[in-house]
Amino acid sequence: APAGRMPAVFAGCAAGEKAAKCGLGQNLPFVLQFCETRGLNSAGGYGKIIIYGGVKTTADSNLTKRALAAAMKELMEQMPFSKISVSDIAERCGMNRKSFYYHFKDKYDLVNWIFDMEYLQLSSRQDYAGIWDFLTALCCFFYENRAFYRRALRIEGQNSFLEHFKEVLELSVKYYLASSLEEKTYQQFCVDFYADAFIAAFVRWLSNRDCVPPQEFVRMLKASIYAAVKRAEIAEV
């Protein structure tokens with residue numbers, strides 16, 4: 001790297017400002033070690049470790065956020081979300097509260113970012129054939145990561161993960177289903193109806209310790225909706 005250029009891990013700080021601005025300062029080596037021991041710098045795509053000025057750093061500007069996300073996941077395995085403080089999260093990965101608030105509004109924002117980073121970035125590169133293809137991929141993701149998301153779905157309060165997830169789902173329902181309805185009043189009703197119905201069934205499914213595989217869950221959803229449509233068509237004849 002050219003002399004005088006700030007390491008990429010400090011992206012987010014204004015040019016020329018010290019790492020202390022982001023709350024890292026002398027804690028940078030600890031943060032990098034924290035990330036390495038949890039695979040956040042592995043070939044999986046979380047950033048490549050490089051050497052800069054004799055100090056290990058990373059080319060991924062999201063490294064700090066990923067470290068905080070990993071700390072949050074570990075803490076949620078050990079205690080209820082309501083008991084976790086911002087200080088707990090920051091201290092787990094060698095940072096301070098200032099560093100946390102530089103990246104996130106609160107701990108709810110962090111949990112929502114984890115979902116956005118893990119699923120939405122992945123799904124944005126997928127080409128779904130339709131609503132059922134999308135729902136299958138969505139449910140597979142939650143099933144594979146159910147230990148964390150079961151806890152996340154139990155979070156209550158404003159800006160909770162469930163509210164965030166509902167917003168994401170509503171956009172998908174509008175894209176795949178409601179867009180075929182011409183009247184805006186019917187479009188919004190369609191979005192609300194299917195989003196509410198799916199979330200109720202989804203939470204019940206994932207919360208069950210012995211939940212069926214995601215493909216089977218989606219098949220049951222599909223069969224239930226088609227059965228209702230078929231009966232309605234018969235009743236109109």
# chains A, B, ... in the order shown; residues from 1 in each chain; ligands from 1
$ residues_around --residues "region 180-195 of chain A" --least-positions-apart "4" --cutoff "7 Å" --atoms "only C-alpha atoms" --output "PyMOL selection string"
chain A and resi 166+169-170+173-174+199
$ write_last_selection --atoms "C-alpha atoms" --output "PDB file, in the first residue's frame"
ATOM      1  CA  LYS A 166     -41.998  -8.275   8.066  1.00  0.00           C
ATOM      2  CA  LEU A 169     -41.363  -9.918   3.399  1.00  0.00           C
ATOM      3  CA  GLU A 170     -43.935  -7.282   2.455  1.00  0.00           C
ATOM      4  CA  VAL A 173     -45.083 -10.214  -1.551  1.00  0.00           C
ATOM      5  CA  LYS A 174     -45.723  -6.963  -3.369  1.00  0.00           C
ATOM      6  CA  ILE A 199     -45.259 -14.767   9.399  1.00  0.00           C
TER       7      ILE A 199
END
$ atom_distance --atom1 "CA of Ala200 (chain A)" --atom2 "CA of Leu162 (chain A)"
10.7 Å
$ atom_distance --atom1 "CA of Tyr175 (chain A)" --atom2 "CA of Lys222 (chain A)"
18.1 Å
$ closest_residue --among "A:Met76, A:Ile234, A:Ile114, A:Ile89" --to "Asn62 (chain A)" --atoms "only C-alpha atoms"
A:Ile114
$ select_by_dssp --residues "region 54-198 of chain A" --states "strand (DSSP E)" --output "PyMOL selection string"
chain A and resi 55-58
$ atom_distance --atom1 "CA of Asp88 (chain A)" --atom2 "CA of Lys107 (chain A)"
10.5 Å
$ residues_around --residues "Val203 (chain A)" --least-positions-apart "2" --cutoff "12 Å" --atoms "only C-alpha atoms" --output "mmCIF file with N, CA, C and O atoms, in the first residue's frame"
data_model
loop_
_atom_site.group_PDB
_atom_site.id
_atom_site.type_symbol
_atom_site.label_atom_id
_atom_site.label_comp_id
_atom_site.auth_asym_id
_atom_site.auth_seq_id
_atom_site.Cartn_x
_atom_site.Cartn_y
_atom_site.Cartn_z
ATOM 1 N N CYS A 139 -36.817 -19.967 3.651
ATOM 2 C CA CYS A 139 -37.016 -20.912 4.759
ATOM 3 C C CYS A 139 -35.783 -21.790 4.964
ATOM 4 O O CYS A 139 -35.457 -22.143 6.104
ATOM 5 N N PHE A 142 -33.308 -19.751 7.036
ATOM 6 C CA PHE A 142 -33.669 -19.676 8.452
ATOM 7 C C PHE A 142 -33.484 -21.031 9.133
ATOM 8 O O PHE A 142 -33.072 -21.091 10.296
ATOM 9 N N TYR A 143 -33.799 -22.099 8.443
ATOM 10 C CA TYR A 143 -33.662 -23.441 9.015
ATOM 11 C C TYR A 143 -32.193 -23.755 9.320
ATOM 12 O O TYR A 143 -31.865 -24.288 10.381
ATOM 13 N N ARG A 146 -31.217 -21.654 12.371
ATOM 14 C CA ARG A 146 -32.360 -21.559 13.283
ATOM 15 C C ARG A 146 -31.969 -21.294 14.729
ATOM 16 O O ARG A 146 -32.739 -20.689 15.477
ATOM 17 N N TYR A 149 -31.809 -17.440 14.809
ATOM 18 C CA TYR A 149 -33.033 -16.732 14.441
ATOM 19 C C TYR A 149 -34.233 -17.098 15.311
ATOM 20 O O TYR A 149 -35.183 -16.325 15.398
ATOM 21 N N ARG A 150 -34.196 -18.242 15.955
ATOM 22 C CA ARG A 150 -35.250 -18.525 16.937
ATOM 23 C C ARG A 150 -35.192 -17.509 18.061
ATOM 24 O O ARG A 150 -36.215 -17.033 18.550
ATOM 25 N N ARG A 151 -33.981 -17.176 18.474
ATOM 26 C CA ARG A 151 -33.817 -16.171 19.528
ATOM 27 C C ARG A 151 -34.162 -14.779 18.999
ATOM 28 O O ARG A 151 -34.782 -13.974 19.695
ATOM 29 N N ALA A 152 -33.744 -14.494 17.769
ATOM 30 C CA ALA A 152 -33.997 -13.173 17.190
ATOM 31 C C ALA A 152 -35.491 -12.904 17.043
ATOM 32 O O ALA A 152 -35.958 -11.785 17.261
ATOM 33 N N LEU A 153 -36.248 -13.930 16.684
ATOM 34 C CA LEU A 153 -37.689 -13.756 16.489
ATOM 35 C C LEU A 153 -38.435 -13.529 17.802
ATOM 36 O O LEU A 153 -39.583 -13.090 17.794
ATOM 37 N N ARG A 154 -37.782 -13.833 18.925
ATOM 38 C CA ARG A 154 -38.413 -13.613 20.227
ATOM 39 C C ARG A 154 -38.167 -12.202 20.768
ATOM 40 O O ARG A 154 -38.724 -11.826 21.793
ATOM 41 N N LEU A 162 -38.488 -9.067 14.223
ATOM 42 C CA LEU A 162 -39.721 -9.514 13.590
ATOM 43 C C LEU A 162 -40.333 -8.398 12.744
ATOM 44 O O LEU A 162 -40.833 -8.646 11.637
ATOM 45 N N PHE A 165 -38.135 -8.054 9.648
ATOM 46 C CA PHE A 165 -38.375 -9.170 8.736
ATOM 47 C C PHE A 165 -39.698 -8.995 7.996
ATOM 48 O O PHE A 165 -39.808 -9.292 6.804
ATOM 49 N N LYS A 166 -40.696 -8.493 8.695
ATOM 50 C CA LYS A 166 -41.998 -8.275 8.066
ATOM 51 C C LYS A 166 -41.891 -7.255 6.932
ATOM 52 O O LYS A 166 -42.510 -7.413 5.876
ATOM 53 N N ALA A 195 -48.516 -11.434 4.046
ATOM 54 C CA ALA A 195 -47.381 -11.238 4.947
ATOM 55 C C ALA A 195 -47.749 -11.668 6.367
ATOM 56 O O ALA A 195 -46.990 -12.383 7.029
ATOM 57 N N ASP A 196 -48.914 -11.250 6.841
ATOM 58 C CA ASP A 196 -49.357 -11.624 8.191
ATOM 59 C C ASP A 196 -49.551 -13.136 8.309
ATOM 60 O O ASP A 196 -49.147 -13.748 9.310
ATOM 61 N N ALA A 197 -50.171 -13.733 7.297
ATOM 62 C CA ALA A 197 -50.438 -15.172 7.331
ATOM 63 C C ALA A 197 -49.134 -15.971 7.319
ATOM 64 O O ALA A 197 -48.954 -16.928 8.093
ATOM 65 N N PHE A 198 -48.204 -15.560 6.446
ATOM 66 C CA PHE A 198 -46.942 -16.297 6.354
ATOM 67 C C PHE A 198 -46.136 -16.173 7.634
ATOM 68 O O PHE A 198 -45.589 -17.168 8.131
ATOM 69 N N ILE A 199 -46.055 -14.969 8.190
ATOM 70 C CA ILE A 199 -45.259 -14.767 9.399
ATOM 71 C C ILE A 199 -45.805 -15.583 10.565
ATOM 72 O O ILE A 199 -45.051 -16.188 11.328
ATOM 73 N N ALA A 200 -47.118 -15.640 10.695
ATOM 74 C CA ALA A 200 -47.718 -16.427 11.773
ATOM 75 C C ALA A 200 -47.346 -17.904 11.632
ATOM 76 O O ALA A 200 -46.940 -18.561 12.606
ATOM 77 N N ALA A 201 -47.482 -18.430 10.414
ATOM 78 C CA ALA A 201 -47.137 -19.837 10.174
ATOM 79 C C ALA A 201 -45.631 -20.056 10.289
ATOM 80 O O ALA A 201 -45.172 -21.071 10.831
ATOM 81 N N TRP A 205 -43.673 -22.484 12.891
ATOM 82 C CA TRP A 205 -42.852 -23.564 12.337
ATOM 83 C C TRP A 205 -41.435 -23.542 12.893
ATOM 84 O O TRP A 205 -40.951 -24.543 13.429
ATOM 85 N N LEU A 206 -40.762 -22.391 12.797
ATOM 86 C CA LEU A 206 -39.362 -22.323 13.194
ATOM 87 C C LEU A 206 -39.184 -22.449 14.699
ATOM 88 O O LEU A 206 -38.147 -22.930 15.169
ATOM 89 N N SER A 207 -40.191 -22.036 15.463
ATOM 90 C CA SER A 207 -40.101 -22.101 16.922
ATOM 91 C C SER A 207 -40.230 -23.517 17.449
ATOM 92 O O SER A 207 -39.840 -23.803 18.588
ATOM 93 N N ASN A 208 -40.780 -24.400 16.637
ATOM 94 C CA ASN A 208 -40.927 -25.798 17.030
ATOM 95 C C ASN A 208 -39.563 -26.482 17.019
ATOM 96 O O ASN A 208 -38.874 -26.500 15.998
ATOM 97 N N ARG A 209 -39.156 -27.025 18.140
ATOM 98 C CA ARG A 209 -37.834 -27.658 18.226
ATOM 99 C C ARG A 209 -37.680 -28.782 17.205
ATOM 100 O O ARG A 209 -36.581 -29.040 16.713
ATOM 101 N N CYS A 211 -39.127 -28.920 14.167
ATOM 102 C CA CYS A 211 -39.775 -28.429 12.950
ATOM 103 C C CYS A 211 -39.380 -29.268 11.731
ATOM 104 O O CYS A 211 -38.257 -29.760 11.635
ATOM 105 N N PHE A 217 -42.217 -27.737 4.793
ATOM 106 C CA PHE A 217 -43.017 -26.620 5.298
ATOM 107 C C PHE A 217 -43.610 -25.823 4.138
ATOM 108 O O PHE A 217 -44.801 -25.475 4.157
#
$ select_by_dssp --residues "region 137-188 of chain A" --states "helix (DSSP H, G or I)" --output "PyMOL selection string"
chain A and resi 137-144+146-152+161-176+178-180+184-188
$ residues_around --residues "Thr136 (chain A)" --least-positions-apart "6" --cutoff "7 Å" --atoms "only C-alpha atoms" --output "list in words"
Pro214, Gln215 and Val218 of chain A
$ decode --residues "region 138-151 of chain A" --atoms "N, CA, C and O atoms" --output "compact mmCIF listing (two decimals), in the first residue's frame"
# COMPACT_ATOMS: atom_id res chain seq x y z
N LEU A 138 -35.76 -18.79 1.30
CA LEU A 138 -35.84 -18.05 2.56
C LEU A 138 -35.93 -18.99 3.75
O LEU A 138 -35.21 -18.84 4.75
N CYS A 139 -36.82 -19.97 3.65
CA CYS A 139 -37.02 -20.91 4.76
C CYS A 139 -35.78 -21.79 4.96
O CYS A 139 -35.46 -22.14 6.10
N CYS A 140 -35.10 -22.15 3.88
CA CYS A 140 -33.88 -22.94 4.00
C CYS A 140 -32.82 -22.16 4.77
O CYS A 140 -32.11 -22.71 5.62
N PHE A 141 -32.72 -20.88 4.48
CA PHE A 141 -31.76 -20.03 5.19
C PHE A 141 -32.05 -19.99 6.68
O PHE A 141 -31.17 -20.17 7.51
N PHE A 142 -33.31 -19.75 7.04
CA PHE A 142 -33.67 -19.68 8.45
C PHE A 142 -33.48 -21.03 9.13
O PHE A 142 -33.07 -21.09 10.30
N TYR A 143 -33.80 -22.10 8.44
CA TYR A 143 -33.66 -23.44 9.02
C TYR A 143 -32.19 -23.75 9.32
O TYR A 143 -31.87 -24.29 10.38
N GLU A 144 -31.31 -23.40 8.39
CA GLU A 144 -29.89 -23.66 8.58
C GLU A 144 -29.30 -22.81 9.70
O GLU A 144 -28.31 -23.19 10.33
N ASN A 145 -29.91 -21.66 9.96
CA ASN A 145 -29.42 -20.76 11.01
C ASN A 145 -30.44 -20.61 12.13
O ASN A 145 -30.53 -19.56 12.77
N ARG A 146 -31.22 -21.65 12.37
CA ARG A 146 -32.36 -21.56 13.28
C ARG A 146 -31.97 -21.29 14.73
O ARG A 146 -32.74 -20.69 15.48
N ALA A 147 -30.79 -21.73 15.16
CA ALA A 147 -30.39 -21.49 16.55
C ALA A 147 -30.38 -19.99 16.86
O ALA A 147 -30.86 -19.55 17.92
N PHE A 148 -29.84 -19.20 15.94
CA PHE A 148 -29.78 -17.75 16.16
C PHE A 148 -31.13 -17.09 15.91
O PHE A 148 -31.58 -16.27 16.72
N TYR A 149 -31.81 -17.44 14.81
CA TYR A 149 -33.03 -16.73 14.44
C TYR A 149 -34.23 -17.10 15.31
O TYR A 149 -35.18 -16.33 15.40
N ARG A 150 -34.20 -18.24 15.96
CA ARG A 150 -35.25 -18.53 16.94
C ARG A 150 -35.19 -17.51 18.06
O ARG A 150 -36.22 -17.03 18.55
N ARG A 151 -33.98 -17.18 18.47
CA ARG A 151 -33.82 -16.17 19.53
C ARG A 151 -34.16 -14.78 19.00
O ARG A 151 -34.78 -13.97 19.69
